[in-house]
Amino acid sequence: VTAYDLDSPARHKDVSVLELTDRILGKGVVLHGEITLSVADVDLVHVGLRLLLASTDTVERLRSTALGGSP
Amino acid sequence: VIYLYGIAPAGTRPEGEGHGGAPLDVVAHGGLVAVVSHHEALDVHPAPDVLWCHESVVERVLEGTGAVLPARFGSTFAREELLVDELARHADALRHALDRVRGSVELGLRAFWDADPGGSAEGPPADAPTTGRGYLLARAGDERRRQARRERAAALADAVHGPLAARSAEATVELLAAPRIPVTAAYLVPRDDVDGFRSQVDDLATAHPDVALVCTGPWPPYSFTPSLAPGLVDV
């Protein structure tokens with residue numbers, strides 16, 4: 001997996017793990033086995049994710065990378 | 001216990017290791033292959049390295065076969081027969097879904113606002129109302145800000161998500177996943193259109209300097225797998 005247009009490897013990794021978590025815990029096929037995580041656990045992770053994603057710091061970093069580096 | 005990573009077409013032979021270094025194995029039934037690992041006991045937690053382990057297995061299967069339905073993280077079966085039963089029960093839906101995603105990957109898009117255009121509905125009001133009328137006015141103000149936020153998010157989705165969805169085989173979109181995240185979207189994109197898709201995102205980013213657009217992927221098609229179970233089992 002590559003995060004688009006994110007020049008620093010650390011940044012790239014940060015964003016990728018957030019996006020992965022959103023997908024892997026919230027999407028993907030569910031056969032009727034057991035999901036070994038409780039719904040409460042998953043909700044906690046999602047709440048944390050959204051707080052992190054919405055933090056000013058994250059947005060600032062994403063913004064400068066997404067727009068190709070503002071001055 | 002059997003841990004499930006994903007569903008792939010018949011003939012898939014995954015290589016390498018899964019959780020805890022366990023070798024990958026397959027459970028085949030009805031033209032489908034479940035990619036699994038076997039464990040005496042397994043307690044998975046959503047730590048980054050454990051999530052990446054699941055993801056890397058799915059990515060390897062995708063690279064090997066061109067089609068995979070990634071499983072939700074943490075899917076386990078007590079016995080192989082239980083997994084075979086589910087493969088049999090959902091065989092048609094799973095085969096159909098594999099056909100839909102074959103040759104395509106998922107790209108993700110998030111739009112961020114610098115500042116919440118609705119203001120902070122969660123924060124404390126500047127002047128705490130002390131009268132019933134003041135309270136009602138404050139409530140009405142909150143509702144107006146929420147409405148403004150919803151309208152701007154919908155307009156942004158039309159402008160940004162609309163053209164990207166039009167060039168994708170399938171797309172999903174969620175508005176206002178958080179107050180500063182107006183658009184969260186996923187696109188099912190043919191592999192050979194990934195570069196073209198990304199340059200369209202570049203163009204859209206240039207046209208919308210008031211938002212930060214972040215495109216990630218390619219991912220296995222997590223957002224384009226069928227919903228089969230009536231609900232999650234809370235254990």
# chains A, B, ... in the order shown; residues from 1 in each chain; ligands from 1
$ interface_residues --of "chain B" --to "chain A" --cutoff "6 Å" --atoms "only C-alpha atoms" --output "ChimeraX atom specification"
/B:70-77,180,212,214-218,222-223,225,229,233-235
$ write_last_selection --atoms "N, CA, C and O atoms" --output "compact mmCIF listing (two decimals), in the first residue's frame"
# COMPACT_ATOMS: atom_id res chain seq x y z
N PRO B 70 -11.34 -9.17 1.03
CA PRO B 70 -10.70 -9.16 2.34
C PRO B 70 -11.73 -9.41 3.43
O PRO B 70 -12.85 -8.93 3.36
N ALA B 71 -11.33 -10.18 4.44
CA ALA B 71 -12.22 -10.43 5.57
C ALA B 71 -12.08 -9.31 6.58
O ALA B 71 -11.03 -8.68 6.68
N ARG B 72 -13.15 -9.06 7.32
CA ARG B 72 -13.08 -8.15 8.46
C ARG B 72 -12.02 -8.67 9.44
O ARG B 72 -11.93 -9.88 9.68
N PHE B 73 -11.23 -7.77 9.99
CA PHE B 73 -10.22 -8.16 10.96
C PHE B 73 -10.86 -8.87 12.15
O PHE B 73 -11.89 -8.43 12.66
N GLY B 74 -10.25 -9.98 12.55
CA GLY B 74 -10.73 -10.68 13.74
C GLY B 74 -11.75 -11.78 13.47
O GLY B 74 -12.38 -12.27 14.40
N SER B 75 -11.91 -12.19 12.19
CA SER B 75 -12.89 -13.24 11.88
C SER B 75 -12.31 -14.61 12.18
O SER B 75 -11.31 -15.02 11.57
N THR B 76 -12.93 -15.34 13.09
CA THR B 76 -12.42 -16.67 13.44
C THR B 76 -13.54 -17.70 13.42
O THR B 76 -14.72 -17.36 13.57
N PHE B 77 -13.14 -18.95 13.23
CA PHE B 77 -14.06 -20.08 13.22
C PHE B 77 -13.50 -21.15 14.14
O PHE B 77 -12.31 -21.42 14.11
N ARG B 180 -14.77 18.02 10.84
CA ARG B 180 -13.81 18.60 9.91
C ARG B 180 -13.52 17.70 8.72
O ARG B 180 -12.61 17.98 7.94
N ALA B 212 -8.25 20.14 2.02
CA ALA B 212 -7.13 19.25 1.76
C ALA B 212 -7.72 17.92 1.29
O ALA B 212 -8.56 17.35 1.97
N VAL B 214 -6.90 14.05 0.38
CA VAL B 214 -5.88 13.02 0.54
C VAL B 214 -6.39 11.72 -0.07
O VAL B 214 -7.45 11.21 0.32
N CYS B 215 -5.63 11.22 -1.04
CA CYS B 215 -6.00 10.00 -1.73
C CYS B 215 -5.04 8.90 -1.29
O CYS B 215 -3.83 9.09 -1.32
N THR B 216 -5.56 7.76 -0.84
CA THR B 216 -4.70 6.65 -0.42
C THR B 216 -5.03 5.39 -1.20
O THR B 216 -6.12 5.23 -1.72
N GLY B 217 -4.06 4.48 -1.22
CA GLY B 217 -4.24 3.21 -1.90
C GLY B 217 -3.08 2.96 -2.84
O GLY B 217 -2.14 3.76 -2.83
N PRO B 218 -3.15 1.95 -3.64
CA PRO B 218 -4.28 1.02 -3.77
C PRO B 218 -4.44 0.08 -2.57
O PRO B 218 -3.46 -0.41 -2.03
N TYR B 222 -11.76 -3.52 0.40
CA TYR B 222 -12.48 -3.64 1.68
C TYR B 222 -13.88 -3.05 1.61
O TYR B 222 -14.83 -3.58 2.18
N SER B 223 -14.00 -1.92 0.91
CA SER B 223 -15.29 -1.22 0.90
C SER B 223 -16.27 -1.80 -0.13
O SER B 223 -17.39 -1.31 -0.23
N THR B 225 -16.94 -5.27 -0.53
CA THR B 225 -17.25 -6.67 -0.26
C THR B 225 -18.72 -6.76 0.11
O THR B 225 -19.30 -5.80 0.61
N ALA B 229 -23.48 -11.20 6.72
CA ALA B 229 -23.98 -11.54 8.05
C ALA B 229 -24.98 -10.48 8.48
O ALA B 229 -24.82 -9.31 8.17
N VAL B 233 -21.13 -10.34 15.62
CA VAL B 233 -21.33 -11.09 16.85
C VAL B 233 -20.47 -10.44 17.92
O VAL B 233 -19.25 -10.36 17.79
N ASP B 234 -21.10 -9.94 18.93
CA ASP B 234 -20.36 -9.27 19.99
C ASP B 234 -19.97 -10.31 21.03
O ASP B 234 -20.84 -10.85 21.70
N VAL B 235 -18.69 -10.61 21.14
CA VAL B 235 -18.27 -11.67 22.07
C VAL B 235 -17.48 -11.08 23.24
O VAL B 235 -16.95 -10.00 23.13
$ residues_around --residues "segment 12-19 of chain B" --least-positions-apart "5" --cutoff "9 Å" --atoms "only C-alpha atoms" --output "short mmCIF file (atom, residue, chain, number, x, y, z; two decimals) with N, CA and C atoms, in the first residue's frame"
data_model
loop_
_atom_site.label_atom_id
_atom_site.label_comp_id
_atom_site.auth_asym_id
_atom_site.auth_seq_id
_atom_site.Cartn_x
_atom_site.Cartn_y
_atom_site.Cartn_z
N TYR B 3 -8.30 -18.63 11.68
CA TYR B 3 -8.39 -17.20 11.41
C TYR B 3 -8.54 -16.99 9.90
N TYR B 5 -8.44 -14.61 6.55
CA TYR B 5 -7.89 -13.36 5.99
C TYR B 5 -8.71 -12.84 4.82
N LEU B 24 0.27 -20.03 6.19
CA LEU B 24 -1.04 -19.83 5.56
C LEU B 24 -1.53 -21.15 4.98
N ASP B 25 -2.83 -21.31 4.99
CA ASP B 25 -3.44 -22.53 4.49
C ASP B 25 -4.71 -22.12 3.74
N VAL B 26 -5.33 -23.08 3.07
CA VAL B 26 -6.59 -22.75 2.40
C VAL B 26 -7.67 -23.74 2.81
N LEU B 32 -14.39 -21.63 -4.48
CA LEU B 32 -13.88 -20.55 -3.64
C LEU B 32 -12.77 -21.10 -2.74
N VAL B 33 -11.88 -20.19 -2.36
CA VAL B 33 -10.82 -20.55 -1.44
C VAL B 33 -10.82 -19.55 -0.29
N ALA B 34 -10.87 -20.06 0.93
CA ALA B 34 -10.71 -19.20 2.09
C ALA B 34 -9.24 -19.27 2.51
N VAL B 35 -8.61 -18.12 2.61
CA VAL B 35 -7.20 -18.07 3.03
C VAL B 35 -7.19 -17.94 4.56
N VAL B 36 -6.55 -18.90 5.21
CA VAL B 36 -6.64 -19.00 6.67
C VAL B 36 -5.29 -19.34 7.29
N SER B 37 -5.23 -19.24 8.62
CA SER B 37 -4.15 -19.87 9.38
C SER B 37 -4.78 -20.57 10.58
N HIS B 39 -4.61 -22.03 14.54
CA HIS B 39 -3.99 -21.67 15.82
C HIS B 39 -4.58 -22.50 16.94
N LEU B 42 -5.90 -18.12 19.88
CA LEU B 42 -5.54 -16.88 19.21
C LEU B 42 -6.30 -15.73 19.86
N VAL B 44 -6.38 -11.87 19.06
CA VAL B 44 -5.88 -10.76 18.24
C VAL B 44 -6.39 -9.43 18.76
N VAL B 50 -0.27 -6.01 14.03
CA VAL B 50 -1.20 -7.13 13.83
C VAL B 50 -2.15 -6.81 12.67
N CYS B 53 -0.24 -7.29 9.51
CA CYS B 53 -0.06 -8.70 9.18
C CYS B 53 -1.25 -9.19 8.36
N HIS B 54 -2.46 -8.92 8.83
CA HIS B 54 -3.68 -9.28 8.10
C HIS B 54 -3.65 -8.65 6.70
N SER B 56 -1.12 -7.55 4.93
CA SER B 56 -0.09 -8.02 3.99
C SER B 56 -0.47 -9.38 3.41
N VAL B 57 -1.15 -10.21 4.20
CA VAL B 57 -1.63 -11.49 3.64
C VAL B 57 -2.62 -11.21 2.51
N ARG B 60 -0.89 -9.90 -0.60
CA ARG B 60 -0.17 -10.94 -1.34
C ARG B 60 -1.14 -11.78 -2.17
N VAL B 61 -2.30 -12.09 -1.59
CA VAL B 61 -3.29 -12.87 -2.34
C VAL B 61 -3.78 -12.06 -3.54
N GLY B 64 -1.27 -12.10 -6.23
CA GLY B 64 -1.16 -13.42 -6.85
C GLY B 64 -2.33 -13.77 -7.75
N THR B 65 -3.54 -13.32 -7.39
CA THR B 65 -4.73 -13.79 -8.10
C THR B 65 -5.50 -12.69 -8.83
#
$ residues_around --residues "segment 97-101 of chain B" --least-positions-apart "5" --cutoff "8 Å" --atoms "only C-alpha atoms" --output "PyMOL selection string"
chain B and resi 8-9+67-69+188+221+224-226
$ write_last_selection --atoms "N, CA and C atoms" --output "PDB file, in the first residue's frame"
ATOM      1  N   ALA B   8     -10.807 -15.969  -1.957  1.00  0.00           N
ATOM      2  CA  ALA B   8     -10.195 -15.803  -3.273  1.00  0.00           C
ATOM      3  C   ALA B   8     -10.739 -16.890  -4.208  1.00  0.00           C
ATOM      4  N   PRO B   9     -10.449 -16.758  -5.515  1.00  0.00           N
ATOM      5  CA  PRO B   9     -10.950 -17.768  -6.447  1.00  0.00           C
ATOM      6  C   PRO B   9     -10.251 -19.114  -6.263  1.00  0.00           C
ATOM      7  N   ALA B  67      -7.850 -11.049  -7.589  1.00  0.00           N
ATOM      8  CA  ALA B  67      -9.194 -10.913  -7.008  1.00  0.00           C
ATOM      9  C   ALA B  67      -9.173 -11.458  -5.586  1.00  0.00           C
ATOM     10  N   VAL B  68      -9.631 -10.654  -4.657  1.00  0.00           N
ATOM     11  CA  VAL B  68      -9.746 -11.123  -3.276  1.00  0.00           C
ATOM     12  C   VAL B  68     -10.842 -10.319  -2.591  1.00  0.00           C
ATOM     13  N   LEU B  69     -11.544 -10.988  -1.693  1.00  0.00           N
ATOM     14  CA  LEU B  69     -12.488 -10.290  -0.818  1.00  0.00           C
ATOM     15  C   LEU B  69     -11.869 -10.308   0.572  1.00  0.00           C
ATOM     16  N   LEU B 188     -13.788   1.922  -6.503  1.00  0.00           N
ATOM     17  CA  LEU B 188     -13.293   0.683  -7.099  1.00  0.00           C
ATOM     18  C   LEU B 188     -12.788   1.040  -8.495  1.00  0.00           C
ATOM     19  N   PRO B 221     -10.102  -4.478  -1.948  1.00  0.00           N
ATOM     20  CA  PRO B 221     -11.425  -3.834  -1.999  1.00  0.00           C
ATOM     21  C   PRO B 221     -12.262  -4.008  -0.727  1.00  0.00           C
ATOM     22  N   PHE B 224     -15.831  -2.803  -0.869  1.00  0.00           N
ATOM     23  CA  PHE B 224     -16.681  -3.346  -1.938  1.00  0.00           C
ATOM     24  C   PHE B 224     -16.886  -4.849  -1.781  1.00  0.00           C
ATOM     25  N   THR B 225     -16.942  -5.269  -0.535  1.00  0.00           N
ATOM     26  CA  THR B 225     -17.248  -6.669  -0.264  1.00  0.00           C
ATOM     27  C   THR B 225     -18.722  -6.756   0.112  1.00  0.00           C
ATOM     28  N   PRO B 226     -19.338  -7.919  -0.148  1.00  0.00           N
ATOM     29  CA  PRO B 226     -20.765  -8.024   0.147  1.00  0.00           C
ATOM     30  C   PRO B 226     -21.008  -8.075   1.651  1.00  0.00           C
TER      31      PRO B 226
END
$ atom_distance --atom1 "atom CA of Val1 of chain B" --atom2 "atom CA of His29 of chain B"
18.6 Å
$ atom_distance --atom1 "atom CA of Arg191 of chain B" --atom2 "atom CA of Val105 of chain B"
6.1 Å
$ closest_residue --among "B:Ala157, B:Ala205, B:Ala41, B:Ala169" --to "Ser104 of chain B" --atoms "only C-alpha atoms"
B:Ala169
$ decode --residues "segment 19-31 of chain A" --atoms "all heavy atoms" --output "mmCIF file, in the first residue's frame"
data_model
loop_
_atom_site.group_PDB
_atom_site.id
_atom_site.type_symbol
_atom_site.label_atom_id
_atom_site.label_comp_id
_atom_site.auth_asym_id
_atom_site.auth_seq_id
_atom_site.Cartn_x
_atom_site.Cartn_y
_atom_site.Cartn_z
ATOM 1 N N GLU A 19 -5.957 4.869 7.691
ATOM 2 C CA GLU A 19 -6.868 4.433 6.634
ATOM 3 C C GLU A 19 -7.083 2.923 6.684
ATOM 4 O O GLU A 19 -8.183 2.434 6.457
ATOM 5 C CB GLU A 19 -6.324 4.848 5.271
ATOM 6 C CG GLU A 19 -6.287 6.357 5.066
ATOM 7 C CD GLU A 19 -7.678 6.968 4.957
ATOM 8 O OE1 GLU A 19 -8.621 6.268 4.557
ATOM 9 O OE2 GLU A 19 -7.827 8.153 5.296
ATOM 10 N N LEU A 20 -6.006 2.193 6.988
ATOM 11 C CA LEU A 20 -6.128 0.737 7.091
ATOM 12 C C LEU A 20 -7.088 0.364 8.216
ATOM 13 O O LEU A 20 -7.970 -0.475 8.042
ATOM 14 C CB LEU A 20 -4.754 0.105 7.351
ATOM 15 C CG LEU A 20 -4.813 -1.399 7.677
ATOM 16 C CD1 LEU A 20 -5.301 -2.201 6.478
ATOM 17 C CD2 LEU A 20 -3.460 -1.916 8.151
ATOM 18 N N THR A 21 -6.921 1.008 9.362
ATOM 19 C CA THR A 21 -7.756 0.690 10.520
ATOM 20 C C THR A 21 -9.229 0.918 10.208
ATOM 21 O O THR A 21 -10.087 0.094 10.546
ATOM 22 C CB THR A 21 -7.331 1.553 11.724
ATOM 23 O OG1 THR A 21 -5.936 1.384 11.924
ATOM 24 C CG2 THR A 21 -8.058 1.120 12.968
ATOM 25 N N ASP A 22 -9.502 2.020 9.555
ATOM 26 C CA ASP A 22 -10.883 2.324 9.195
ATOM 27 C C ASP A 22 -11.480 1.211 8.326
ATOM 28 O O ASP A 22 -12.634 0.825 8.500
ATOM 29 C CB ASP A 22 -10.909 3.654 8.421
ATOM 30 C CG ASP A 22 -12.166 4.453 8.731
ATOM 31 O OD1 ASP A 22 -12.743 4.243 9.810
ATOM 32 O OD2 ASP A 22 -12.550 5.281 7.894
ATOM 33 N N ARG A 23 -10.660 0.703 7.403
ATOM 34 C CA ARG A 23 -11.159 -0.333 6.499
ATOM 35 C C ARG A 23 -11.257 -1.700 7.172
ATOM 36 O O ARG A 23 -12.272 -2.383 7.101
ATOM 37 C CB ARG A 23 -10.225 -0.451 5.292
ATOM 38 C CG ARG A 23 -10.349 0.710 4.374
ATOM 39 C CD ARG A 23 -9.387 0.677 3.207
ATOM 40 N NE ARG A 23 -9.848 1.662 2.249
ATOM 41 C CZ ARG A 23 -9.780 2.971 2.443
ATOM 42 N NH1 ARG A 23 -9.237 3.449 3.532
ATOM 43 N NH2 ARG A 23 -10.264 3.806 1.544
ATOM 44 N N ILE A 24 -10.166 -2.083 7.813
ATOM 45 C CA ILE A 24 -10.035 -3.467 8.269
ATOM 46 C C ILE A 24 -10.963 -3.770 9.450
ATOM 47 O O ILE A 24 -11.401 -4.897 9.634
ATOM 48 C CB ILE A 24 -8.548 -3.725 8.608
ATOM 49 C CG1 ILE A 24 -8.195 -5.196 8.533
ATOM 50 C CG2 ILE A 24 -8.170 -3.142 9.943
ATOM 51 C CD1 ILE A 24 -6.698 -5.436 8.596
ATOM 52 N N LEU A 25 -11.280 -2.748 10.239
ATOM 53 C CA LEU A 25 -12.179 -2.964 11.377
ATOM 54 C C LEU A 25 -13.629 -2.674 11.024
ATOM 55 O O LEU A 25 -14.544 -3.176 11.664
ATOM 56 C CB LEU A 25 -11.774 -2.082 12.566
ATOM 57 C CG LEU A 25 -10.414 -2.346 13.186
ATOM 58 C CD1 LEU A 25 -10.206 -1.449 14.393
ATOM 59 C CD2 LEU A 25 -10.264 -3.804 13.589
ATOM 60 N N GLY A 26 -13.825 -1.817 10.008
ATOM 61 C CA GLY A 26 -15.200 -1.409 9.727
ATOM 62 C C GLY A 26 -15.774 -1.996 8.465
ATOM 63 O O GLY A 26 -16.986 -1.949 8.246
ATOM 64 N N LYS A 27 -14.905 -2.552 7.600
ATOM 65 C CA LYS A 27 -15.392 -3.072 6.324
ATOM 66 C C LYS A 27 -14.854 -4.483 6.142
ATOM 67 O O LYS A 27 -14.411 -5.101 7.084
ATOM 68 C CB LYS A 27 -14.935 -2.145 5.207
ATOM 69 C CG LYS A 27 -15.248 -0.682 5.544
ATOM 70 C CD LYS A 27 -15.561 0.147 4.352
ATOM 71 C CE LYS A 27 -16.317 1.386 4.765
ATOM 72 N NZ LYS A 27 -15.420 2.451 5.246
ATOM 73 N N GLY A 28 -14.884 -4.978 4.943
ATOM 74 C CA GLY A 28 -14.410 -6.337 4.716
ATOM 75 C C GLY A 28 -15.545 -7.317 4.957
ATOM 76 O O GLY A 28 -16.491 -7.043 5.684
ATOM 77 N N VAL A 29 -15.421 -8.481 4.311
ATOM 78 C CA VAL A 29 -16.524 -9.434 4.329
ATOM 79 C C VAL A 29 -16.621 -10.101 5.707
ATOM 80 O O VAL A 29 -15.612 -10.395 6.337
ATOM 81 C CB VAL A 29 -16.356 -10.460 3.178
ATOM 82 C CG1 VAL A 29 -15.224 -11.431 3.459
ATOM 83 C CG2 VAL A 29 -17.644 -11.207 2.925
ATOM 84 N N VAL A 30 -17.841 -10.276 6.155
ATOM 85 C CA VAL A 30 -18.094 -10.967 7.420
ATOM 86 C C VAL A 30 -18.924 -12.211 7.122
ATOM 87 O O VAL A 30 -20.099 -12.122 6.817
ATOM 88 C CB VAL A 30 -18.863 -10.064 8.408
ATOM 89 C CG1 VAL A 30 -19.126 -10.811 9.709
ATOM 90 C CG2 VAL A 30 -18.089 -8.784 8.683
ATOM 91 N N LEU A 31 -18.256 -13.374 7.149
ATOM 92 C CA LEU A 31 -19.012 -14.621 7.117
ATOM 93 C C LEU A 31 -19.531 -14.783 8.536
ATOM 94 O O LEU A 31 -19.092 -14.094 9.442
ATOM 95 C CB LEU A 31 -18.108 -15.785 6.724
ATOM 96 C CG LEU A 31 -17.527 -15.698 5.310
ATOM 97 C CD1 LEU A 31 -16.662 -16.916 5.029
ATOM 98 C CD2 LEU A 31 -18.628 -15.593 4.269
#
